[in-house]
Every structure is written in structure tokens, then in C-alpha cells.
>>> print(open('structure-v1.txt').read())   # compact mmCIF, C-alpha atoms
# COMPACT_ATOMS: atom_id res chain seq x y z
CA MET A 6 85.79 79.97 149.45
CA SER A 7 82.12 79.82 148.46
CA SER A 8 80.92 77.64 145.61
CA THR A 9 80.06 80.81 143.65
CA GLU A 10 83.61 82.13 144.05
CA ALA A 11 85.03 78.74 143.08
CA ARG A 12 82.87 78.67 139.95
CA SER A 13 84.02 82.15 138.97
CA ALA A 14 87.67 81.13 139.42
CA VAL A 15 87.21 77.95 137.39
CA GLU A 16 85.44 79.84 134.59
CA ALA A 17 88.16 82.50 134.51
CA VAL A 18 90.97 79.94 134.23
CA TRP A 19 89.08 77.98 131.60
CA ARG A 20 88.36 81.07 129.49
CA ILE A 21 92.04 82.00 129.39
CA GLU A 22 93.68 78.58 129.26
CA SER A 23 91.13 76.22 127.67
CA ALA A 24 92.97 75.86 124.37
CA ARG A 25 96.27 75.13 126.08
CA ILE A 26 94.70 72.66 128.52
CA VAL A 27 92.79 70.67 125.88
CA GLY A 28 95.73 70.88 123.48
CA ALA A 29 98.21 69.58 126.05
CA LEU A 30 95.92 66.72 127.04
CA ALA A 31 95.30 65.86 123.39
CA ARG A 32 99.05 65.73 122.78
CA TYR A 33 99.43 63.55 125.89
CA THR A 34 96.68 61.09 124.99
CA GLY A 35 96.70 61.33 121.21
CA ASP A 36 92.89 61.53 121.36
CA PHE A 37 91.20 64.92 120.90
CA SER A 38 87.73 63.74 121.88
CA LEU A 39 89.02 62.13 125.07
CA ALA A 40 91.11 65.23 125.87
CA GLU A 41 88.07 67.51 125.79
CA ASP A 42 86.16 65.10 128.04
CA LEU A 43 89.11 64.93 130.45
CA ALA A 44 89.30 68.71 130.60
CA GLN A 45 85.60 68.93 131.43
CA GLU A 46 86.01 66.29 134.16
CA ALA A 47 88.91 68.26 135.62
CA LEU A 48 86.74 71.39 135.66
CA ALA A 49 83.98 69.53 137.49
CA GLU A 50 86.47 68.31 140.10
CA ALA A 51 87.86 71.84 140.48
CA LEU A 52 84.39 73.21 141.29
CA VAL A 53 84.24 70.92 144.31
CA SER A 54 87.89 70.98 145.40
CA TRP A 55 88.52 74.70 145.04
CA SER A 56 85.43 75.62 147.05
CA VAL A 57 86.92 73.63 149.96
CA ASP A 58 90.68 74.13 149.58
CA GLY A 59 90.76 77.43 147.69
CA VAL A 60 92.27 78.16 144.30
CA PRO A 61 95.67 76.45 143.94
CA THR A 62 98.80 78.48 143.34
CA GLN A 63 99.05 77.10 139.80
CA PRO A 64 95.43 76.46 138.72
CA THR A 65 96.30 75.47 135.16
CA GLY A 66 98.84 72.92 136.36
CA TRP A 67 96.27 71.60 138.85
CA LEU A 68 93.73 71.05 136.05
CA LEU A 69 96.34 69.37 133.85
CA THR A 70 97.41 67.05 136.67
CA VAL A 71 93.81 66.00 137.27
CA GLY A 72 93.24 65.57 133.54
CA ARG A 73 96.37 63.44 133.27
CA ARG A 74 95.28 61.19 136.14
CA ARG A 75 91.83 60.82 134.61
CA ALA A 76 93.50 59.87 131.30
CA ILE A 77 95.46 57.09 132.98
CA ASP A 78 92.28 55.83 134.68
CA ALA A 79 90.41 55.89 131.36
CA PHE A 80 93.10 53.92 129.55
CA ARG A 81 93.24 51.34 132.35
CA ARG A 82 89.46 50.88 132.15
CA ARG A 83 89.67 50.37 128.41
CA SER A 84 92.74 48.14 128.46
CA GLY A 85 90.68 45.00 128.91
CA ARG A 86 88.71 45.76 125.74
CA ASP A 87 91.44 46.96 123.43
CA GLU A 88 95.14 46.11 123.32
CA ARG A 89 95.96 49.63 122.15
CA TYR A 90 94.69 51.03 125.44
CA ALA A 91 96.59 48.40 127.37
CA VAL A 92 99.81 49.73 125.82
CA LEU A 93 98.82 53.32 126.60
CA ALA A 94 97.86 52.44 130.16
CA ARG A 95 101.29 50.91 130.63
CA ASP A 96 103.11 53.87 129.10
CA LEU A 97 101.02 56.63 130.69
CA ASP A 98 101.50 55.81 134.34
CA GLU A 99 102.32 57.83 137.42
CA SER A 100 106.05 57.61 136.69
CA THR A 101 105.73 59.56 133.45
CA PRO A 102 106.30 63.34 133.49
CA GLY A 103 103.49 65.29 135.09
CA ALA A 104 101.69 68.53 134.37
CA ASP A 105 104.87 70.58 134.08
CA ALA A 106 105.97 68.48 131.12
CA LEU A 107 102.45 68.52 129.71
CA PHE A 108 102.49 72.31 129.79
CA ASP A 109 105.85 72.49 128.03
CA PRO A 110 106.32 76.11 126.84
CA ASP A 111 108.02 74.85 123.69
CA GLY A 112 104.94 72.83 122.76
CA ILE A 113 102.16 75.26 123.70
CA ASP A 114 102.01 77.10 120.38
CA ASP A 115 101.85 73.87 118.40
CA ASP A 116 99.15 72.54 120.73
CA VAL A 117 96.93 75.60 120.27
CA LEU A 118 97.49 75.69 116.52
CA ALA A 119 96.70 71.97 116.24
CA LEU A 120 93.56 72.51 118.31
CA MET A 121 92.38 75.24 115.92
CA PHE A 122 92.90 72.98 112.92
CA ILE A 123 91.02 70.14 114.65
CA ALA A 124 88.06 72.26 115.79
CA CYS A 125 87.72 73.80 112.32
CA HIS A 126 88.31 70.61 110.33
CA PRO A 127 86.41 70.58 107.00
CA VAL A 128 84.94 67.15 107.84
CA LEU A 129 82.67 68.93 110.34
CA SER A 130 79.57 70.93 109.49
CA LYS A 131 79.74 74.72 109.77
CA GLU A 132 77.51 74.66 112.85
CA SER A 133 79.69 72.03 114.54
CA ARG A 134 82.88 73.94 113.74
CA LEU A 135 81.46 77.12 115.26
CA ALA A 136 80.34 75.40 118.46
CA LEU A 137 83.51 73.33 118.89
CA THR A 138 85.82 76.30 118.25
CA LEU A 139 84.00 78.50 120.75
CA ARG A 140 84.12 75.65 123.29
CA VAL A 141 87.67 74.32 123.14
CA VAL A 142 89.57 77.26 121.65
CA GLY A 143 87.48 80.17 122.92
CA GLY A 144 86.74 78.67 126.32
CA LEU A 145 83.02 79.53 126.27
CA THR A 146 80.61 77.39 128.26
CA THR A 147 77.71 75.59 126.60
CA ASP A 148 75.29 78.23 127.89
CA GLU A 149 77.48 81.07 126.61
CA ILE A 150 77.74 79.47 123.17
CA ALA A 151 73.97 78.94 123.11
CA GLN A 152 73.44 82.59 123.95
CA ALA A 153 76.00 83.72 121.39
CA LEU A 154 74.56 81.61 118.57
CA LEU A 155 70.93 82.05 119.66
CA VAL A 156 70.23 78.32 119.84
CA PRO A 157 69.16 76.13 122.77
CA GLY A 158 71.85 74.78 125.09
CA PRO A 159 71.03 71.13 124.34
CA THR A 160 71.48 71.89 120.63
CA VAL A 161 74.96 73.25 121.28
CA GLN A 162 75.89 70.24 123.38
CA ALA A 163 74.56 67.90 120.68
CA ARG A 164 76.66 69.67 118.05
CA ILE A 165 79.80 69.38 120.16
CA THR A 166 79.15 65.71 120.88
CA ARG A 167 78.46 64.99 117.21
CA ALA A 168 81.61 66.87 116.18
CA LYS A 169 83.78 64.79 118.50
CA LYS A 170 82.21 61.57 117.23
CA THR A 171 82.77 62.67 113.63
CA LEU A 172 86.43 63.45 114.28
CA ALA A 173 86.88 60.08 115.96
CA ALA A 174 85.11 58.20 113.16
CA ALA A 175 87.22 59.99 110.54
CA GLN A 176 90.34 59.13 112.58
CA ILE A 177 91.61 62.71 112.42
CA PRO A 178 94.99 62.76 114.16
CA PHE A 179 95.79 65.50 116.65
CA GLY A 180 98.55 67.73 115.39
CA VAL A 181 99.40 70.53 112.99
CA PRO A 182 98.62 69.36 109.43
CA ASP A 183 101.37 68.59 106.95
CA ALA A 184 102.55 71.55 104.89
CA ALA A 185 100.60 70.33 101.85
CA GLU A 186 97.33 70.29 103.85
CA ILE A 187 97.69 73.64 105.57
CA PRO A 188 96.28 75.95 102.83
CA GLU A 189 92.94 74.10 102.64
CA ARG A 190 92.69 73.58 106.39
CA LEU A 191 93.73 77.19 107.11
CA SER A 192 90.91 78.41 104.91
CA SER A 193 88.43 76.54 107.11
CA VAL A 194 89.92 78.04 110.29
CA LEU A 195 89.71 81.55 108.86
CA GLN A 196 86.14 81.00 107.72
CA VAL A 197 85.03 79.92 111.20
CA ILE A 198 86.72 82.89 112.88
CA TYR A 199 85.19 85.27 110.34
CA LEU A 200 81.72 83.74 110.79
CA ILE A 201 81.99 84.27 114.55
CA PHE A 202 83.11 87.87 114.03
CA THR A 203 80.38 88.59 111.50
CA GLU A 204 77.66 87.25 113.78
CA GLY A 205 79.05 89.47 116.54
CA SER A 206 79.21 92.51 114.28
CA TYR A 207 75.78 92.10 112.67
CA ALA A 208 73.59 89.79 114.74
CA SER A 209 71.38 87.78 112.39
CA ALA A 210 68.57 87.55 114.96
CA GLY A 211 67.64 88.59 118.47
CA ASP A 212 67.16 91.98 120.12
CA ALA A 213 70.68 93.44 119.86
CA TRP A 214 72.14 94.71 116.59
CA MET A 215 75.63 93.69 117.72
CA ARG A 216 77.06 91.14 120.12
CA SER A 217 80.41 92.75 120.78
CA GLU A 218 81.60 90.00 123.16
CA LEU A 219 81.31 87.46 120.33
CA ALA A 220 83.18 89.74 117.92
CA SER A 221 85.86 90.32 120.56
CA GLU A 222 86.33 86.57 120.99
CA ALA A 223 86.79 86.15 117.23
CA LEU A 224 89.29 88.99 117.19
CA ARG A 225 91.24 87.34 120.00
CA LEU A 226 91.34 84.07 118.06
CA ALA A 227 92.60 85.89 114.96
CA ARG A 228 95.39 87.54 116.94
CA VAL A 229 96.44 84.17 118.34
CA LEU A 230 96.36 82.60 114.88
CA ALA A 231 98.45 85.43 113.41
CA GLN A 232 101.15 84.71 115.98
CA LEU A 233 101.03 80.97 115.38
CA GLN A 234 100.60 80.95 111.60
CA PRO A 235 101.81 84.26 110.10
CA ASP A 236 100.26 83.71 106.67
CA PRO A 237 99.31 86.75 104.52
CA GLU A 238 95.63 85.75 104.48
CA VAL A 239 95.63 85.46 108.28
CA PHE A 240 96.91 89.02 108.48
CA GLY A 241 94.29 90.01 105.90
CA LEU A 242 91.53 88.68 108.15
CA LEU A 243 93.11 90.26 111.24
CA ALA A 244 93.34 93.62 109.44
CA LEU A 245 89.70 93.39 108.33
CA MET A 246 88.52 92.61 111.83
CA GLU A 247 90.63 95.30 113.54
CA LEU A 248 89.48 97.97 111.07
CA THR A 249 85.85 96.90 111.34
CA ALA A 250 85.91 96.67 115.13
CA ALA A 251 87.43 100.16 115.27
CA ARG A 252 84.00 101.55 114.35
CA PHE A 253 82.12 99.64 117.06
CA PRO A 254 82.18 102.46 119.67
CA ALA A 255 80.15 104.68 117.31
CA ARG A 256 77.73 102.09 115.91
CA LEU A 257 75.18 102.29 118.71
CA ASP A 258 73.61 105.33 120.38
CA ALA A 259 72.97 105.69 124.11
CA SER A 260 69.74 103.66 123.83
CA GLY A 261 71.43 100.84 121.93
CA SER A 262 69.89 101.75 118.58
CA PRO A 263 71.98 101.39 115.39
CA VAL A 264 73.83 104.45 114.09
CA LEU A 265 74.49 104.25 110.35
CA LEU A 266 77.91 105.03 108.92
CA GLU A 267 76.98 108.50 107.63
CA ASP A 268 75.72 109.51 111.09
CA GLN A 269 78.55 108.12 113.19
CA ASP A 270 80.77 110.35 115.33
CA ARG A 271 84.15 109.38 113.91
CA SER A 272 85.97 110.82 116.91
CA LEU A 273 84.60 107.81 118.82
CA TRP A 274 86.30 105.35 116.51
CA ASP A 275 89.12 103.34 118.07
CA HIS A 276 92.16 104.85 116.36
CA ALA A 277 94.54 102.40 118.03
CA ALA A 278 92.58 99.57 116.37
CA ILE A 279 92.82 101.42 113.06
CA ARG A 280 96.60 101.60 113.42
CA ARG A 281 96.76 97.90 114.28
CA GLY A 282 94.56 97.07 111.32
CA ARG A 283 96.63 99.09 108.87
CA ALA A 284 99.81 97.51 110.21
CA ALA A 285 98.33 94.03 109.72
CA LEU A 286 97.25 94.99 106.21
CA THR A 287 100.85 95.70 105.23
CA ARG A 288 101.61 92.05 106.06
CA ALA A 289 98.61 90.74 104.11
CA VAL A 290 100.27 91.13 100.72
CA SER A 291 101.39 87.78 99.34
CA PRO A 292 104.70 87.97 97.44
CA ALA A 293 103.25 85.61 94.85
CA GLY A 294 99.73 86.93 94.41
CA GLY A 295 99.17 90.28 96.12
CA LEU A 296 96.12 90.74 98.30
CA ARG A 297 93.70 87.85 98.71
CA ALA A 298 90.03 87.96 99.62
CA TYR A 299 90.32 89.05 103.26
CA GLY A 300 93.05 91.53 102.37
CA LEU A 301 90.82 93.13 99.74
CA GLN A 302 87.99 93.45 102.25
CA ALA A 303 90.45 94.96 104.72
CA SER A 304 91.49 97.50 102.09
CA ILE A 305 87.84 98.51 101.72
CA ALA A 306 87.55 98.87 105.50
CA GLU A 307 90.73 100.98 105.46
CA CYS A 308 89.14 103.39 102.96
CA HIS A 309 86.36 104.02 105.46
CA ALA A 310 88.74 104.18 108.43
CA VAL A 311 90.96 106.94 106.98
CA ALA A 312 88.15 109.11 105.53
CA ALA A 313 87.06 112.19 107.46
CA SER A 314 83.44 111.72 106.36
CA VAL A 315 81.23 109.70 104.06
CA GLY A 316 81.46 112.42 101.44
CA GLU A 317 85.25 112.40 101.54
CA THR A 318 85.52 108.61 101.24
CA ASP A 319 87.31 107.29 98.16
CA TRP A 320 84.26 105.52 96.76
CA GLN A 321 85.85 105.02 93.35
CA ARG A 322 88.64 102.97 94.93
CA ILE A 323 86.06 101.02 96.95
CA VAL A 324 84.16 100.15 93.75
CA ILE A 325 87.39 98.88 92.16
CA LEU A 326 88.23 96.83 95.24
CA TYR A 327 84.75 95.28 95.26
CA GLU A 328 85.11 94.41 91.58
CA ALA A 329 88.41 92.65 92.30
CA LEU A 330 86.91 90.91 95.34
CA GLY A 331 83.92 89.77 93.28
CA ARG A 332 86.20 88.10 90.77
CA LEU A 333 88.27 86.44 93.46
CA ALA A 334 85.40 85.36 95.74
CA PRO A 335 82.05 85.75 93.93
CA SER A 336 79.16 86.38 96.31
CA PRO A 337 75.78 88.17 96.06
CA ILE A 338 76.58 89.97 99.33
CA ILE A 339 79.79 91.34 97.81
CA GLU A 340 77.82 92.37 94.73
CA LEU A 341 75.22 94.11 96.90
CA ASN A 342 77.95 96.00 98.74
CA ARG A 343 79.39 96.98 95.37
CA ALA A 344 75.95 98.35 94.43
CA VAL A 345 76.04 100.64 97.47
CA ALA A 346 79.56 101.80 96.57
CA VAL A 347 78.53 102.42 92.96
CA ALA A 348 75.57 104.48 94.19
CA MET A 349 77.87 106.58 96.37
CA ASP A 350 80.39 107.03 93.57
CA SER A 351 78.20 107.69 90.54
CA GLY A 352 74.64 108.02 91.79
CA PRO A 353 71.74 105.93 93.11
CA ALA A 354 70.44 105.05 89.62
CA ASP A 355 73.66 103.22 88.76
CA GLY A 356 73.59 101.44 92.10
CA LEU A 357 69.96 100.45 91.55
CA ALA A 358 70.90 98.85 88.23
CA VAL A 359 73.37 96.58 90.04
CA VAL A 360 70.68 95.69 92.61
CA ALA A 361 68.26 94.84 89.80
CA SER A 362 70.76 92.45 88.22
CA ILE A 363 71.17 90.64 91.57
CA ALA A 364 67.39 90.33 91.91
CA GLU A 365 67.01 89.06 88.33
CA ARG A 366 69.38 86.20 89.10
CA GLY A 367 67.22 85.24 92.09
CA GLU A 368 70.08 85.79 94.51
CA LEU A 369 69.46 86.81 98.13
CA ALA A 370 65.83 85.69 97.85
CA GLY A 371 64.38 85.72 101.33
CA SER A 372 67.02 88.10 102.68
CA HIS A 373 66.03 91.53 103.93
CA LEU A 374 69.29 93.04 102.73
CA LEU A 375 68.42 93.38 99.04
CA PRO A 376 65.03 95.14 99.49
CA ALA A 377 66.59 97.31 102.21
CA VAL A 378 69.27 98.58 99.82
CA ARG A 379 66.75 98.90 96.98
CA GLY A 380 64.43 100.91 99.20
CA GLU A 381 67.22 103.25 100.33
CA LEU A 382 68.32 103.93 96.75
CA LEU A 383 64.75 104.50 95.55
CA LEU A 384 64.21 107.02 98.34
CA ARG A 385 67.38 108.85 97.33
CA MET A 386 66.01 109.06 93.78
CA GLY A 387 62.78 110.60 95.07
CA ARG A 388 60.67 107.51 94.26
CA ARG A 389 59.11 107.46 97.70
CA GLU A 390 56.23 105.03 97.20
CA GLU A 391 58.46 102.41 95.58
CA GLY A 392 61.09 103.01 98.24
CA ARG A 393 58.62 102.57 101.09
CA ALA A 394 57.28 99.38 99.53
CA ALA A 395 60.80 97.94 99.34
CA LEU A 396 61.52 98.92 102.95
CA LEU A 397 58.27 97.30 104.07
CA GLU A 398 59.37 94.12 102.28
CA ALA A 399 62.71 94.28 104.07
CA LEU A 400 60.96 94.84 107.39
CA GLY A 401 58.91 91.70 106.87
CA LEU A 402 62.04 89.63 106.28
CA CYS A 403 64.33 91.07 108.98
CA ARG A 404 64.80 88.91 112.11
CA ASN A 405 66.87 91.36 114.18
CA ALA A 406 64.88 93.66 116.45
CA ALA A 407 67.36 96.55 116.43
CA GLU A 408 67.67 96.49 112.65
CA ARG A 409 63.89 96.33 112.32
CA ALA A 410 63.67 99.48 114.44
CA ALA A 411 66.14 101.22 112.10
CA LEU A 412 64.03 100.26 109.08
CA GLU A 413 60.88 101.53 110.80
CA ARG A 414 62.55 104.90 111.42
CA LYS A 415 63.33 105.18 107.72
CA LEU A 416 59.69 104.53 106.90
CA VAL A 417 58.48 107.47 108.99
CA THR A 418 61.08 110.01 107.81
>>> encode(input="structure-v1.txt", output="C-alpha cells")
Amino acid sequence: MSSTEARSAVEAVWRIESARIVGALARYTGDFSLAEDLAQEALAEALVSWSVDGVPTQPTGWLLTVGRRRAIDAFRRRSGRDERYAVLARDLDESTPGADALFDPDGIDDDVLALMFIACHPVLSKESRLALTLRVVGGLTTDEIAQALLVPGPTVQARITRAKKTLAAAQIPFGVPDAAEIPERLSSVLQVIYLIFTEGSYASAGDAWMRSELASEALRLARVLAQLQPDPEVFGLLALMELTAARFPARLDASGSPVLLEDQDRSLWDHAAIRRGRAALTRAVSPAGGLRAYGLQASIAECHAVAASVGETDWQRIVILYEALGRLAPSPIIELNRAVAVAMDSGPADGLAVVASIAERGELAGSHLLPAVRGELLLRMGRREEGRAALLEALGLCRNAAERAALERKLVT
């Protein structure tokens, strides 16, 4: 087998099994930071060994066996410096159960869930949580994460290294949090997954308007989390992502340019994803408190998904849902989306009034989104010069090439 073929095989196994491998090693060693290092060492050894001997019959078990042996070596090296490692080196020897026990099917779900909670721990910065989650849970390489987040590779590696040091310094134990801790920690996990999905759906910078592979990775993580932690808010996020992703096939034309909602060919929408999203939404209702923030956003996405056209969309219901969402999770972005819904429901003048109130509060300063919406509404009211001026302001602030092209097209129409 060539080195290129070996690398492809290693990358494929890692992409699919990374969370289970790191989780199993973390359970074995009790040290998340060490487990991730051991997994990377096992991958490096596989690149050499597999190119000579071929891919083993059980590649995941092979990686776990190597990781386990490296763990024992590491503890033996440290045993002279720390009595704790001396105890571990004695207990974790070659006579202990091997990779088969490490990869215990009864423990896999807990391992993956614990890994999610560790990678998304609130003690880490948002940037570190994103990088660490994509690395150890998503299985992306440093280069892939750098490309996905549009930052240099060394920056990604520095974030991952800093995250592991922070977790070690904070003495965060590996494992699923206690029941009392889960609500707060789950919120952090959901936030990270949603941030990944949002960046994939609406790229904040770069040439492409969307990075569908990043959104797909977030959707995969949400599906895994829904199986492991079937909480109503998890299903709310899953529903939102399924219903949003359903529109992806119609959001770009043949040249890769953005296609706005009113111009999309709805026959291209993924109706299987719509069904999955609506099914998840039925499980997003909390017996104690109804729909939460992600569930409300999913309900808005459902309104779009079931409408035959923009004109036939239930905009009045969308306005009500945005009002409820704004009370539950206040945000200028939510308010700006409500302005668009108000404009569709009762006219652009009413929507413009909402936009003006956002601007008066100084919110979204420096963002292209507010002048873009203002410009669109002014154009609909026939105030072309004011509308063009607002769109030019938005153009100057926008960092995404595809979205800039869409704004430029509006300026010449």
C-alpha cells in the first residue's frame, strides 16, 4: 500500500471513529489531554505501519491498542516524578484488558457524550471550544479546521493546545457531568454545534456563501447528541438544523451565486430533511415549559418549509414566534429578523421602523446586515437613493465575496 493510500485510510478511520477512540482512551487513562495526544501518536504510527503492512482487519482496535501501549509507556516515564503515575503504571500494564475492553459497546455512548461535554466546557473560550470539538468529536484535521474557520493552521493548533492546558489546569474530570450540571453544560454543547452550523450555512468571510461540509458536520454532531442526550432543546436544535439544511440544494445557482428565498426553486428542497426536522420538532416541546429558544427558531423554519411560496408563508405566525423568541433569548439579530417578518406581514414601512429602533440603540454597529435590510426595505418603498446608499454601506462592511456579489446585483437592478 502506498503512503498516500495509507494516509487516506487513516483519515477515513479517524473521521468516523475519532470521538470513540479519544473517549475510550480518556476513560482508560482518566486524562483527556493525554488521551488526545495518545490518539494522535497512534495515528502517526498507523501512517507508517499501514503503508507497509496494509490496513488491519480491525483498524479502530489497532489504533486503540497502540494508544493503550503508549499510555502505559507514558505513565512509566512519569512514575519517577509523581507517585500518582507510579500507581497508574502499575495498574495499567500489559495484563490489563486490551482494546476490546477499551472499545466496550456498553461504554461507547457515555464516552462520546463525555467527550462532547469536555470539548465544549464553559471554562474554554468560544474559539477553543470550536476547534477542540471539530478536532476530537468531529475528527477534522488541523488543516481542515483551519480551512473551515478561515484561520491559519498554527492558530488552530495553538487553540487546541491551549484548550487542553486549560482543562488540565482546571482539573476537569473526564465523564458525563452530574445531573445538576447537565443543563448548563448542555447549553454550551448546543451553542458550539449551532455556531459550527451557522458558519457553514452563512460563511462570515471568504469566497463561498456557504460551507456545506461544515454545516453537515454540525448536523451529524446534533444527530449523535440527540441519541445520547434526548433533551427537548437538543431536538429543538436538531429540528432547526434539519429544516434549515433542507433548503441548501436551492440556495446556490449553477455558478455558486446566492439565490434568495423568494427566488428559490422549492422543488429542489430536501423534503426528507423537512420530514426529519418536523419529526424532531414534535419532540422539542418540554412538558414543563413548551418550546425553548431552538424550538422556536425551528418553528419559524417550519413555516418556511411548508409554504408553497414566499407570498403564501404565514408571516403573521413568524412575527409572533420572533416576538416570543426575542423575549426568551434577546438578540439584535433576532430583532432584525423580526423586522423582515414584520415587513412581509404588514409592509416595509413597519419593518423599517423596527430597523430604526435597532440602529438607535447602536446595536449591530459594524455589521453589514442592518444596512442591507434597511436598503432592501427602502427600495421596496420606492426610496431608491436612500436604499442604494444603505446597500453601499452594507457592501463596504461585508466580508463574504459571494454575499458582496449579491449586494452588487441589487445595486444595478
>>> closest_residue(input="structure-v1.txt", among="A:Gly300, A:Gly356, A:Pro127, A:Pro157", to="Val324 in chain A", atoms="only C-alpha atoms")
A:Gly356
>>> residues_around(input="structure-v1.txt", residues="Ala11 in chain A", least_positions_apart="3", cutoff="9 Å", atoms="all atoms listed in the file", output="MDAnalysis selection string")
chainID A and resid 6:8 14:16 51:57 59:60
>>> write_last_selection(input="structure-v1.txt", atoms="C-alpha atoms", output="PDB file, keeping the file's coordinate frame")
ATOM      1  CA  MET A   6      85.790  79.970 149.450  1.00  0.00           C
ATOM      2  CA  SER A   7      82.120  79.820 148.460  1.00  0.00           C
ATOM      3  CA  SER A   8      80.920  77.640 145.610  1.00  0.00           C
ATOM      4  CA  ALA A  14      87.670  81.130 139.420  1.00  0.00           C
ATOM      5  CA  VAL A  15      87.210  77.950 137.390  1.00  0.00           C
ATOM      6  CA  GLU A  16      85.440  79.840 134.590  1.00  0.00           C
ATOM      7  CA  ALA A  51      87.860  71.840 140.480  1.00  0.00           C
ATOM      8  CA  LEU A  52      84.390  73.210 141.290  1.00  0.00           C
ATOM      9  CA  VAL A  53      84.240  70.920 144.310  1.00  0.00           C
ATOM     10  CA  SER A  54      87.890  70.980 145.400  1.00  0.00           C
ATOM     11  CA  TRP A  55      88.520  74.700 145.040  1.00  0.00           C
ATOM     12  CA  SER A  56      85.430  75.620 147.050  1.00  0.00           C
ATOM     13  CA  VAL A  57      86.920  73.630 149.960  1.00  0.00           C
ATOM     14  CA  GLY A  59      90.760  77.430 147.690  1.00  0.00           C
ATOM     15  CA  VAL A  60      92.270  78.160 144.300  1.00  0.00           C
TER      16      VAL A  60
END
>>> residues_around(input="structure-v1.txt", residues="range 282-290 of chain A", least_positions_apart="4", cutoff="10 Å", atoms="all atoms listed in the file", output="PyMOL selection string")
chain A and resi 231+235-251+276-278+294-297+299-301+303-304+306-307+310-311
>>> residues_around(input="structure-v1.txt", residues="Leu129 in chain A", least_positions_apart="3", cutoff="10 Å", atoms="all atoms listed in the file", output="list in words")
Ile123, Ala124, Cys125, His126, Glu132, Ser133, Arg134, Leu135, Leu137, Arg164, Arg167, Ala168, Lys169, Thr171 and Leu172 of chain A
>>> residues_around(input="structure-v1.txt", residues="range 389-397 of chain A", least_positions_apart="6", cutoff="6 Å", atoms="all atoms listed in the file", output="CSV table (one decimal) with C-alpha atoms, in the frame of the given file")
chain,number,residue,atom,x,y,z
A,376,PRO,CA,65.0,95.1,99.5
A,377,ALA,CA,66.6,97.3,102.2
A,380,GLY,CA,64.4,100.9,99.2
A,383,LEU,CA,64.8,104.5,95.6
>>> axis_aligned_box(input="structure-v1.txt", around="range 195-203 of chain A", padding_each_side="5 Å", output="AutoDock Vina command-line options")
--center_x 85.0 --center_y 84.3 --center_z 111.1 --size_x 19.3 --size_y 18.7 --size_z 16.8
>>> decode(input="structure-v1.txt", residues="range 233-245 of chain A", atoms="N, CA and C atoms", output="compact mmCIF listing (two decimals), in the first residue's frame")
# COMPACT_ATOMS: atom_id res chain seq x y z
N LEU A 233 -27.76 10.46 22.25
CA LEU A 233 -27.11 10.28 23.54
C LEU A 233 -27.80 11.03 24.67
N GLN A 234 -28.37 12.19 24.35
CA GLN A 234 -28.98 13.04 25.36
C GLN A 234 -30.31 13.58 24.81
N PRO A 235 -31.36 12.78 24.84
CA PRO A 235 -32.63 13.16 24.21
C PRO A 235 -33.40 14.23 24.99
N ASP A 236 -32.80 15.40 25.08
CA ASP A 236 -33.41 16.54 25.76
C ASP A 236 -34.25 17.34 24.76
N PRO A 237 -35.37 17.96 25.19
CA PRO A 237 -36.19 18.73 24.25
C PRO A 237 -35.41 19.80 23.49
N GLU A 238 -34.49 20.50 24.16
CA GLU A 238 -33.74 21.55 23.47
C GLU A 238 -32.77 20.96 22.44
N VAL A 239 -32.26 19.76 22.69
CA VAL A 239 -31.42 19.09 21.69
C VAL A 239 -32.24 18.81 20.44
N PHE A 240 -33.46 18.32 20.63
CA PHE A 240 -34.33 18.07 19.48
C PHE A 240 -34.74 19.38 18.81
N GLY A 241 -34.86 20.47 19.61
CA GLY A 241 -35.15 21.76 19.01
C GLY A 241 -34.04 22.20 18.08
N LEU A 242 -32.79 22.04 18.51
CA LEU A 242 -31.65 22.39 17.66
C LEU A 242 -31.59 21.47 16.45
N LEU A 243 -31.79 20.18 16.65
CA LEU A 243 -31.76 19.24 15.53
C LEU A 243 -32.84 19.59 14.51
N ALA A 244 -34.04 19.92 14.99
CA ALA A 244 -35.13 20.31 14.08
C ALA A 244 -34.76 21.56 13.29
N LEU A 245 -34.21 22.55 13.98
CA LEU A 245 -33.81 23.79 13.31
C LEU A 245 -32.79 23.52 12.22
